[in-house]
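One file, query_4.txt, is given below (compact mmCIF, C-alpha atoms).
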```txt
# COMPACT_ATOMS: atom_id res chain seq x y z
CA LEU Q 1 -26.49 115.82 99.30
CA LYS Q 2 -26.54 117.15 102.85
CA GLU Q 3 -24.00 116.21 105.48
CA PRO Q 4 -23.40 117.90 108.85
CA ALA Q 5 -20.69 120.53 108.98
CA THR Q 6 -17.54 119.56 110.82
CA SER Q 7 -15.32 121.39 113.24
CA VAL Q 8 -11.60 122.11 113.40
CA GLU Q 9 -9.26 119.46 114.74
CA ALA Q 10 -7.41 121.19 117.56
CA GLY Q 11 -4.00 122.37 116.44
CA SER Q 12 -4.20 120.84 112.97
CA GLY Q 13 -5.82 123.73 111.13
CA GLN Q 14 -7.72 121.23 108.98
CA PHE Q 15 -11.24 119.97 108.57
CA THR Q 16 -12.20 116.35 108.10
CA GLY Q 17 -15.29 114.76 106.67
CA VAL Q 18 -17.77 115.91 104.06
CA GLN Q 19 -19.03 119.47 104.37
CA SER Q 20 -22.64 120.49 103.87
CA VAL Q 21 -22.92 121.18 100.13
CA ALA Q 22 -25.44 121.64 97.36
CA SER Q 23 -25.74 119.35 94.34
CA ALA Q 24 -22.46 118.96 92.48
CA SER Q 25 -24.12 120.02 89.26
CA SER Q 26 -25.62 123.27 90.60
CA GLU Q 27 -22.51 125.39 89.93
CA GLY Q 28 -22.16 124.05 86.41
CA GLU Q 29 -25.69 125.13 85.54
CA LYS Q 30 -25.06 128.81 86.30
CA GLU Q 31 -23.79 131.35 83.77
CA LEU Q 32 -20.02 131.30 84.10
CA SER Q 33 -17.47 134.11 84.23
CA ASP Q 34 -13.88 134.00 83.01
CA GLU Q 35 -12.56 134.02 86.62
CA THR Q 36 -11.39 131.08 88.70
CA VAL Q 37 -10.61 133.27 91.74
CA ARG Q 38 -12.44 136.44 92.76
CA MET Q 39 -11.57 138.87 95.58
CA ILE Q 40 -14.18 141.26 96.96
CA GLY Q 41 -13.09 144.10 99.21
CA ARG Q 42 -9.68 145.69 99.72
CA PHE Q 43 -6.68 143.50 98.89
CA ARG Q 44 -3.05 144.56 98.59
CA ASP Q 45 -1.08 142.84 95.83
CA ARG Q 46 2.27 141.80 97.27
CA GLY Q 47 3.49 140.09 94.09
CA GLU Q 48 4.07 136.44 93.21
CA GLY Q 49 0.40 135.58 93.70
CA ARG Q 50 0.24 136.92 97.27
CA TYR Q 51 -2.60 139.18 98.40
CA GLN Q 52 -2.95 140.69 101.85
CA PHE Q 53 -6.21 141.78 103.46
CA ALA Q 54 -7.40 142.91 106.88
CA TRP Q 55 -10.82 144.59 106.71
CA PRO Q 56 -13.75 142.57 108.09
CA GLY Q 57 -15.88 140.90 105.44
CA SER Q 58 -13.03 140.68 102.90
CA THR Q 59 -14.15 137.87 100.60
CA ILE Q 60 -12.37 135.34 98.38
CA GLU Q 61 -14.24 133.02 96.03
CA GLY Q 62 -12.74 130.08 94.17
CA GLY Q 63 -14.11 127.70 91.58
CA PHE Q 64 -12.88 124.13 91.31
CA ARG Q 65 -13.68 120.76 89.77
CA GLY Q 66 -13.17 117.65 91.88
CA THR Q 67 -13.93 116.33 95.33
CA GLU Q 68 -11.64 118.37 97.59
CA ILE Q 69 -10.12 121.80 98.05
CA ALA Q 70 -7.48 123.50 100.22
CA VAL Q 71 -6.34 127.10 100.64
CA LYS Q 72 -2.90 128.64 101.14
CA LEU Q 73 -3.52 131.22 103.84
CA LYS Q 74 -1.39 132.63 106.64
CA ILE Q 75 -1.22 135.35 109.26
CA ALA Q 76 1.05 137.99 107.74
CA LYS Q 77 1.01 140.41 110.66
CA SER Q 78 -1.01 141.19 113.76
CA PRO Q 79 -0.94 144.72 115.22
CA THR Q 80 -2.02 143.26 118.57
CA ALA Q 81 0.24 140.15 118.49
CA ASN Q 82 -2.66 137.74 117.98
CA THR Q 83 -1.60 134.22 117.07
CA GLU Q 84 -4.90 133.26 115.49
CA ASP Q 85 -7.56 134.68 113.21
CA TYR Q 86 -10.91 133.45 111.94
CA VAL Q 87 -12.47 133.00 108.51
CA GLN Q 88 -16.00 131.94 107.58
CA VAL Q 89 -16.04 129.22 104.90
CA ILE Q 90 -18.93 128.25 102.65
CA VAL Q 91 -18.72 125.39 100.15
CA ASP Q 92 -21.32 125.77 97.37
CA ASP Q 93 -24.55 126.72 99.20
CA GLY Q 94 -23.79 124.64 102.29
CA GLU Q 95 -23.76 125.51 105.96
CA PRO Q 96 -21.01 128.02 106.85
CA PHE Q 97 -18.25 126.84 109.16
CA VAL Q 98 -15.32 128.52 110.89
CA LEU Q 99 -11.69 128.16 109.86
CA LYS Q 100 -9.21 129.01 112.60
CA VAL Q 101 -6.04 130.44 111.03
CA GLU Q 102 -2.99 129.87 113.21
CA ASN Q 103 0.61 131.05 113.23
CA GLY Q 104 2.91 128.52 111.60
CA VAL Q 105 0.23 126.91 109.44
CA GLU Q 106 -0.01 128.03 105.80
CA GLU Q 107 -2.30 125.49 104.12
CA TYR Q 108 -5.75 124.36 105.25
CA THR Q 109 -7.96 121.64 103.82
CA LEU Q 110 -11.44 123.11 103.46
CA ALA Q 111 -13.42 120.15 102.13
CA THR Q 112 -12.99 116.49 101.20
CA GLY Q 113 -15.35 113.81 99.93
CA LEU Q 114 -17.47 116.14 97.80
CA PRO Q 115 -19.47 114.79 94.85
CA ASP Q 116 -17.18 114.87 91.82
CA GLY Q 117 -18.12 117.98 89.83
CA ILE Q 118 -17.86 121.76 89.74
CA HIS Q 119 -17.94 123.55 93.11
CA ARG Q 120 -17.46 127.00 94.60
CA VAL Q 121 -15.75 127.85 97.88
CA THR Q 122 -16.11 131.22 99.63
CA LEU Q 123 -13.92 132.60 102.42
CA VAL Q 124 -14.95 135.67 104.45
CA LYS Q 125 -12.72 137.33 107.06
CA ARG Q 126 -14.77 137.36 110.24
CA THR Q 127 -12.57 139.77 112.20
CA GLU Q 128 -11.65 143.42 111.96
CA THR Q 129 -8.31 144.95 111.18
CA MET Q 130 -6.93 145.09 114.72
CA VAL Q 131 -6.92 141.27 114.86
CA GLY Q 132 -4.49 140.93 111.99
CA ILE Q 133 -3.52 140.94 108.34
CA LEU Q 134 -4.04 137.70 106.42
CA GLU Q 135 -2.20 136.69 103.26
CA PHE Q 136 -3.92 134.65 100.55
CA GLN Q 137 -1.53 132.69 98.34
CA GLY Q 138 -4.04 130.77 96.23
CA PHE Q 139 -5.95 127.51 96.36
CA SER Q 140 -4.59 123.98 96.30
CA TYR Q 141 -6.82 121.87 94.07
CA LEU Q 142 -5.35 118.59 95.33
CA SER Q 143 -6.75 115.80 93.13
CA GLY Q 144 -8.94 118.25 91.17
CA LYS Q 145 -8.37 121.41 89.17
CA GLU Q 146 -9.52 125.01 88.93
CA ALA Q 147 -12.87 125.86 87.34
CA PHE Q 148 -14.60 129.03 86.26
CA LEU Q 149 -16.77 130.78 88.83
CA PRO Q 150 -20.39 131.77 88.22
CA ARG Q 151 -20.73 135.33 86.97
CA GLY Q 152 -20.22 137.87 89.76
CA LYS Q 153 -22.90 140.08 91.27
CA SER Q 154 -23.71 143.29 89.44
CA ARG Q 155 -24.34 145.41 92.55
CA ARG Q 156 -22.12 146.46 95.45
CA ILE Q 157 -22.85 147.95 98.87
CA GLU Q 158 -20.09 149.79 100.76
CA ILE Q 159 -20.44 150.31 104.51
CA TYR Q 160 -18.45 152.63 106.77
CA GLY Q 161 -19.00 152.00 110.45
CA ASP Q 162 -17.88 151.10 113.95
CA SER Q 163 -18.27 147.98 116.11
CA ILE Q 164 -21.96 147.70 115.22
CA SER Q 165 -21.05 147.27 111.56
CA ALA Q 166 -17.95 145.14 112.25
CA GLY Q 167 -19.85 142.49 114.22
CA TYR Q 168 -18.15 143.04 117.60
CA GLY Q 169 -19.30 140.19 119.87
CA ASN Q 170 -22.16 139.08 117.64
CA ASP Q 171 -21.09 135.43 117.87
CA ALA Q 172 -20.90 135.43 121.68
CA ASP Q 173 -22.75 132.61 123.41
CA GLY Q 174 -24.71 134.86 125.76
CA THR Q 175 -22.43 134.49 128.77
CA MET Q 176 -21.10 137.50 130.68
CA HIS Q 177 -19.19 139.95 128.50
CA THR Q 178 -15.46 139.87 129.26
CA GLY Q 179 -14.10 142.15 126.54
CA PHE Q 180 -13.18 141.71 122.92
CA SER Q 181 -12.69 138.20 121.58
CA ALA Q 182 -11.68 137.57 117.96
CA ALA Q 183 -13.48 134.23 118.03
CA GLN Q 184 -16.76 135.98 118.85
CA GLU Q 185 -16.67 138.50 116.00
CA ASN Q 186 -18.37 137.51 112.75
CA ALA Q 187 -18.53 140.00 109.88
CA TYR Q 188 -20.39 137.42 107.77
CA MET Q 189 -23.40 137.78 110.08
CA THR Q 190 -23.46 141.58 110.30
CA TYR Q 191 -26.50 143.51 109.14
CA GLY Q 192 -24.60 144.79 106.11
CA MET Q 193 -23.46 141.44 104.76
CA ILE Q 194 -26.85 139.83 105.46
CA ALA Q 195 -28.57 142.66 103.59
CA ALA Q 196 -26.15 142.32 100.68
CA ARG Q 197 -26.83 138.57 100.37
CA ASN Q 198 -30.58 139.18 100.40
CA LEU Q 199 -30.19 141.85 97.71
CA ASP Q 200 -27.84 139.68 95.62
CA ALA Q 201 -25.08 142.26 96.01
CA ASP Q 202 -21.43 142.23 97.01
CA CYS Q 203 -20.48 144.03 100.22
CA THR Q 204 -17.36 145.98 101.12
CA LEU Q 205 -17.26 146.40 104.89
CA LEU Q 206 -15.02 149.11 106.38
CA ALA Q 207 -15.64 149.11 110.10
CA ILE Q 208 -13.47 149.89 113.14
CA SER Q 209 -14.62 149.31 116.71
CA GLY Q 210 -14.58 152.50 118.76
CA MET Q 211 -14.44 154.73 115.67
CA GLY Q 212 -16.35 158.00 115.60
CA MET Q 213 -16.86 160.85 113.19
CA TYR Q 214 -15.28 163.49 115.44
CA GLN Q 215 -14.05 161.63 118.51
CA ASP Q 216 -13.61 157.98 119.40
CA LEU Q 217 -15.15 155.85 122.14
CA GLY Q 218 -12.61 157.07 124.68
CA GLY Q 219 -13.23 160.73 123.89
CA ALA Q 220 -10.05 161.34 121.87
CA VAL Q 221 -10.74 163.99 119.23
CA GLN Q 222 -9.72 162.54 115.86
CA PRO Q 223 -11.62 164.12 112.97
CA GLU Q 224 -8.75 163.53 110.54
CA LYS Q 225 -8.71 159.79 111.26
CA PHE Q 226 -12.05 159.31 109.52
CA PHE Q 227 -10.48 160.21 106.17
CA THR Q 228 -7.06 158.66 106.92
CA ASN Q 229 -8.31 155.29 108.14
CA PHE Q 230 -10.95 154.69 105.53
CA GLY Q 231 -8.61 155.71 102.71
CA ARG Q 232 -6.27 152.77 103.25
CA THR Q 233 -6.16 149.31 101.69
CA ILE Q 234 -4.65 147.98 104.94
CA LEU Q 235 -5.51 150.09 108.00
CA SER Q 236 -2.10 149.71 109.67
CA THR Q 237 -0.15 150.46 106.46
CA SER Q 238 -0.09 154.11 105.41
CA ALA Q 239 1.67 153.28 102.13
CA ALA Q 240 -1.27 151.23 100.86
CA LYS Q 241 -3.73 153.87 99.67
CA TRP Q 242 -7.06 152.72 98.24
CA LYS Q 243 -8.23 153.98 94.82
CA PHE Q 244 -11.95 153.60 95.65
CA GLU Q 245 -12.61 151.29 92.72
CA PRO Q 246 -14.97 149.76 91.78
CA LYS Q 247 -17.60 152.33 92.66
CA PRO Q 248 -20.39 151.04 94.94
CA ASP Q 249 -24.05 151.33 94.00
CA ALA Q 250 -24.98 152.26 97.56
CA VAL Q 251 -22.99 153.63 100.51
CA ILE Q 252 -24.05 153.29 104.15
CA LEU Q 253 -22.41 155.55 106.74
CA ASN Q 254 -23.22 154.22 110.21
CA LEU Q 255 -21.04 156.31 112.53
CA GLY Q 256 -21.70 158.69 115.40
CA THR Q 257 -22.60 156.39 118.30
CA ASN Q 258 -19.09 156.53 119.77
CA ASP Q 259 -18.94 160.32 119.46
CA PHE Q 260 -21.54 160.63 122.19
CA ALA Q 261 -20.27 157.83 124.44
CA SER Q 262 -18.10 160.52 126.05
CA ARG Q 263 -18.81 164.19 126.60
CA VAL Q 264 -18.55 166.19 123.39
CA ASP Q 265 -18.80 169.91 122.72
CA PRO Q 266 -21.83 170.13 120.39
CA THR Q 267 -20.65 173.40 118.84
CA LEU Q 268 -17.24 171.99 117.90
CA TYR Q 269 -18.87 168.80 116.68
CA ARG Q 270 -21.23 170.68 114.35
CA GLN Q 271 -18.41 172.92 113.08
CA ASP Q 272 -16.25 169.90 112.30
CA ARG Q 273 -19.06 168.10 110.47
CA LYS Q 274 -19.78 171.16 108.35
CA SER Q 275 -16.15 171.48 107.31
```

Could I get this structure in the form of structure tokens?
Amino acid sequence: LKEPATSVEAGSGQFTGVQSVASASSEGEKELSDETVRMIGRFRDRGEGRYQFAWPGSTIEGGFRGTEIAVKLKIAKSPTANTEDYVQVIVDDGEPFVLKVENGVEEYTLATGLPDGIHRVTLVKRTETMVGILEFQGFSYLSGKEAFLPRGKSRRIEIYGDSISAGYGNDADGTMHTGFSAAQENAYMTYGMIAARNLDADCTLLAISGMGMYQDLGGAVQPEKFFTNFGRTILSTSAAKWKFEPKPDAVILNLGTNDFASRVDPTLYRQDRKS
């Protein structure tokens, strides 16, 4: 069954119509895990079934049986006072579509009118940490019920980077650049997440626009920030330290471009990297 993907109704935070999906039986034919919900990336457990996340590419998968699915999702905090955020949604193996998360809305219908059977829905945070912190509060199964997910991937790639890795502007329409736009950033279509999908691996994406190894895009020397920033579950929350588990099978460090966007003392740079 193939139907065209739909778009958001302005202001409603919901999708209408049948999404592009694979056969309803395809999920049931895969080897199943004992999980109905799976989170990939860095998530902070806030208790009572609430999980906060902010890094680009943070992924939530849910299994369900039925014809429709909704998610309980809200903007928990925005360091830059944004009133909206963006999530990529994929139902089964269908065409991805964009969910616009808005202040004041806490439940979004992701799909209706699906063939009755077992399905999988995947949500991927498109934006980086400066856009905001999202809070996942579970799925609403509506007329259906939860179902076990297919077994998870056995390999994981972890990427540390800057705007190139975060997907800054990669969904722009080609018009003149006017600065950062959350709607134009898409972690799902970054080189790292594309590579991971082609290698049948999970991807943890830790990328900050303007970040450098020794100094940032504006020339501010910040060698300690490399270790501080990337050691956090939520970038803007110092209390949420990450335990670096599970261990990745491969690590990509793609930093250094911003160091040389401004003048840098090569001797100090080399000394800092050696230490």

| said: Given all atoms listed in the file as the basis, pick out the residue of Q:Ile234, Q:Ala172, Q:Val87, Q:Leu114 nearest to Q:Gln52. | reply: Q:Ile234

| Can you list, as a PyMOL selection string, every protein, DNA or RNA residue that comes within 8 Å of Q:Thr233 when you count only C-alpha atoms, leaving out same-chain residues fewer than 2 positions away? | chain Q and resi 42-44+53+231+235+237+240-242

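Within 12 Å of the point (-28.2, 137.5, 100.1), and counting all atoms listed in the file, the protein, DNA and RNA residues are Asp93, Lys153, Arg155, Arg156, Ile157, Tyr188, Met189, Thr190, Tyr191, Gly192, Met193, Ile194, Ala195, Ala196, Arg197, Asn198, Leu199, Asp200, Ala201, Asp202 and Cys203 of chain Q.
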
| request: Work out how far atom CA of Q:Asn186 is from atom CA of Q:Gly256, in Å to one decimal. | output: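 If I compute the distance from atom CA of Q:Gly256 to atom CA of Q:Asn186, I get 21.6 Å.
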
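Across the structure, atom CA of Q:Glu185 and atom CA of Q:Tyr51 are spaced 22.5 Å apart.
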
What are the nearest atom pairs, with distances in Å to one decimal, for all residues of stretch 155-238 of chain Q that come at most 12 Å from stretch 116-138 of chain Q, using all atoms listed in the file, set out by chain and rising residue number as a tab-separated table?
```
residue	atom	partner	partner_atom	distance
Q:Gly161	CA	Q:Glu128	CA	11.4
Q:Asp162	CA	Q:Glu128	CA	10.1
Q:Ser163	CA	Q:Glu128	CA	9.0
Q:Ile164	CA	Q:Glu128	CA	11.6
Q:Ser165	CA	Q:Glu128	CA	10.2
Q:Ala166	CA	Q:Glu128	CA	6.5
Q:Gly167	CA	Q:Thr127	CA	8.0
Q:Tyr168	CA	Q:Thr127	CA	8.4
Q:Gly169	CA	Q:Thr127	CA	10.2
Q:Asn170	CA	Q:Arg126	CA	10.6
Q:Asp171	CA	Q:Arg126	CA	10.1
Q:Phe180	CA	Q:Val131	CA	10.2
Q:Ser181	CA	Q:Val131	CA	9.4
Q:Ala182	CA	Q:Thr127	CA	6.2
Q:Ala183	CA	Q:Thr127	CA	8.1
Q:Gln184	CA	Q:Thr127	CA	8.7
Q:Glu185	CA	Q:Thr127	CA	5.7
Q:Asn186	CA	Q:Arg126	CA	4.4
Q:Ala187	CA	Q:Arg126	CA	4.6
Q:Tyr188	CA	Q:Arg126	CA	6.1
Q:Met189	CA	Q:Arg126	CA	8.6
Q:Thr190	CA	Q:Arg126	CA	9.7
Q:Met193	CA	Q:Val124	CA	10.3
Q:Asp202	CA	Q:Val124	CA	11.8
Q:Cys203	CA	Q:Val124	CA	10.9
Q:Thr204	CA	Q:Val124	CA	11.1
Q:Leu205	CA	Q:Glu128	CA	9.5
Q:Leu206	CA	Q:Glu128	CA	8.7
Q:Ala207	CA	Q:Glu128	CA	7.2
Q:Ile208	CA	Q:Glu128	CA	6.8
Q:Ser209	CA	Q:Glu128	CA	8.1
Q:Gly210	CA	Q:Met130	CA	11.4
Q:Asn229	CA	Q:Thr129	CA	10.8
Q:Phe230	CA	Q:Thr129	CA	11.6
Q:Arg232	CA	Q:Thr129	CA	11.3
Q:Thr233	CA	Q:Thr129	CA	10.7
Q:Ile234	CA	Q:Thr129	CA	7.8
Q:Leu235	CA	Q:Thr129	CA	6.7
Q:Ser236	CA	Q:Thr129	CA	8.0
Q:Thr237	CA	Q:Ile133	CA	10.3
```

| request: Please measure the separation of atom CA of Q:Gly57 and atom CA of Q:Arg38, giving the value in Å to one decimal. | output: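 Spanning atom CA of Q:Gly57 to atom CA of Q:Arg38 is a straight-line distance of 13.9 Å.
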
Take the point (-0.5, 137.4, 119.7) in the file's coordinates, draw a sphere of radius 12 Å around it, and report as a compact mmCIF listing (two decimals) with C-alpha atoms, keeping the file's coordinate frame every protein, DNA or RNA residue with an atom inside or on it, counting only C-alpha atoms.
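Listed below is the output, point.txt:
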```txt
# COMPACT_ATOMS: atom_id res chain seq x y z
CA ILE Q 75 -1.22 135.35 109.26
CA LYS Q 77 1.01 140.41 110.66
CA SER Q 78 -1.01 141.19 113.76
CA PRO Q 79 -0.94 144.72 115.22
CA THR Q 80 -2.02 143.26 118.57
CA ALA Q 81 0.24 140.15 118.49
CA ASN Q 82 -2.66 137.74 117.98
CA THR Q 83 -1.60 134.22 117.07
CA GLU Q 84 -4.90 133.26 115.49
CA ASP Q 85 -7.56 134.68 113.21
CA GLU Q 102 -2.99 129.87 113.21
CA ASN Q 103 0.61 131.05 113.23
CA MET Q 130 -6.93 145.09 114.72
CA VAL Q 131 -6.92 141.27 114.86
CA GLY Q 132 -4.49 140.93 111.99
CA ALA Q 182 -11.68 137.57 117.96
```

| request: Find, counting all atoms listed in the file, the residue in Q:Thr36, Q:Thr257, Q:Thr112, Q:Ser238 that gets nearest to Q:Thr67. | output: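 Result for the nearest residue to Q:Thr67: Q:Thr112.
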
| said: Restricting the calculation to only C-alpha atoms: of Q:Thr59, Q:Leu149, Q:Glu107, Q:Asp265, which residue gets closest to Q:Gln88? | reply: Q:Thr59

| message | Calculated over only C-alpha atoms, which of the candidates Q:Glu106, Q:Glu68, Q:Asp249, Q:Glu95 has the smallest distance to Q:Ser154? | response | Q:Asp249

| query | Looking at Q:Trp55, Q:Tyr160, Q:Tyr141, Q:Phe97, which one is nearest to Q:Ile252, with distances taken over only C-alpha atoms? | reply |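 Between Q:Trp55, Q:Tyr160, Q:Tyr141, Q:Phe97, the residue approaching Q:Ile252 most closely is Q:Tyr160.
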
| note | Min atom-atom distance to Q:Met39 from the set Q:Gly152, Q:Asn254, Q:Arg65, Q:Pro115, counting all atoms listed in the file, belongs to Q:Gly152
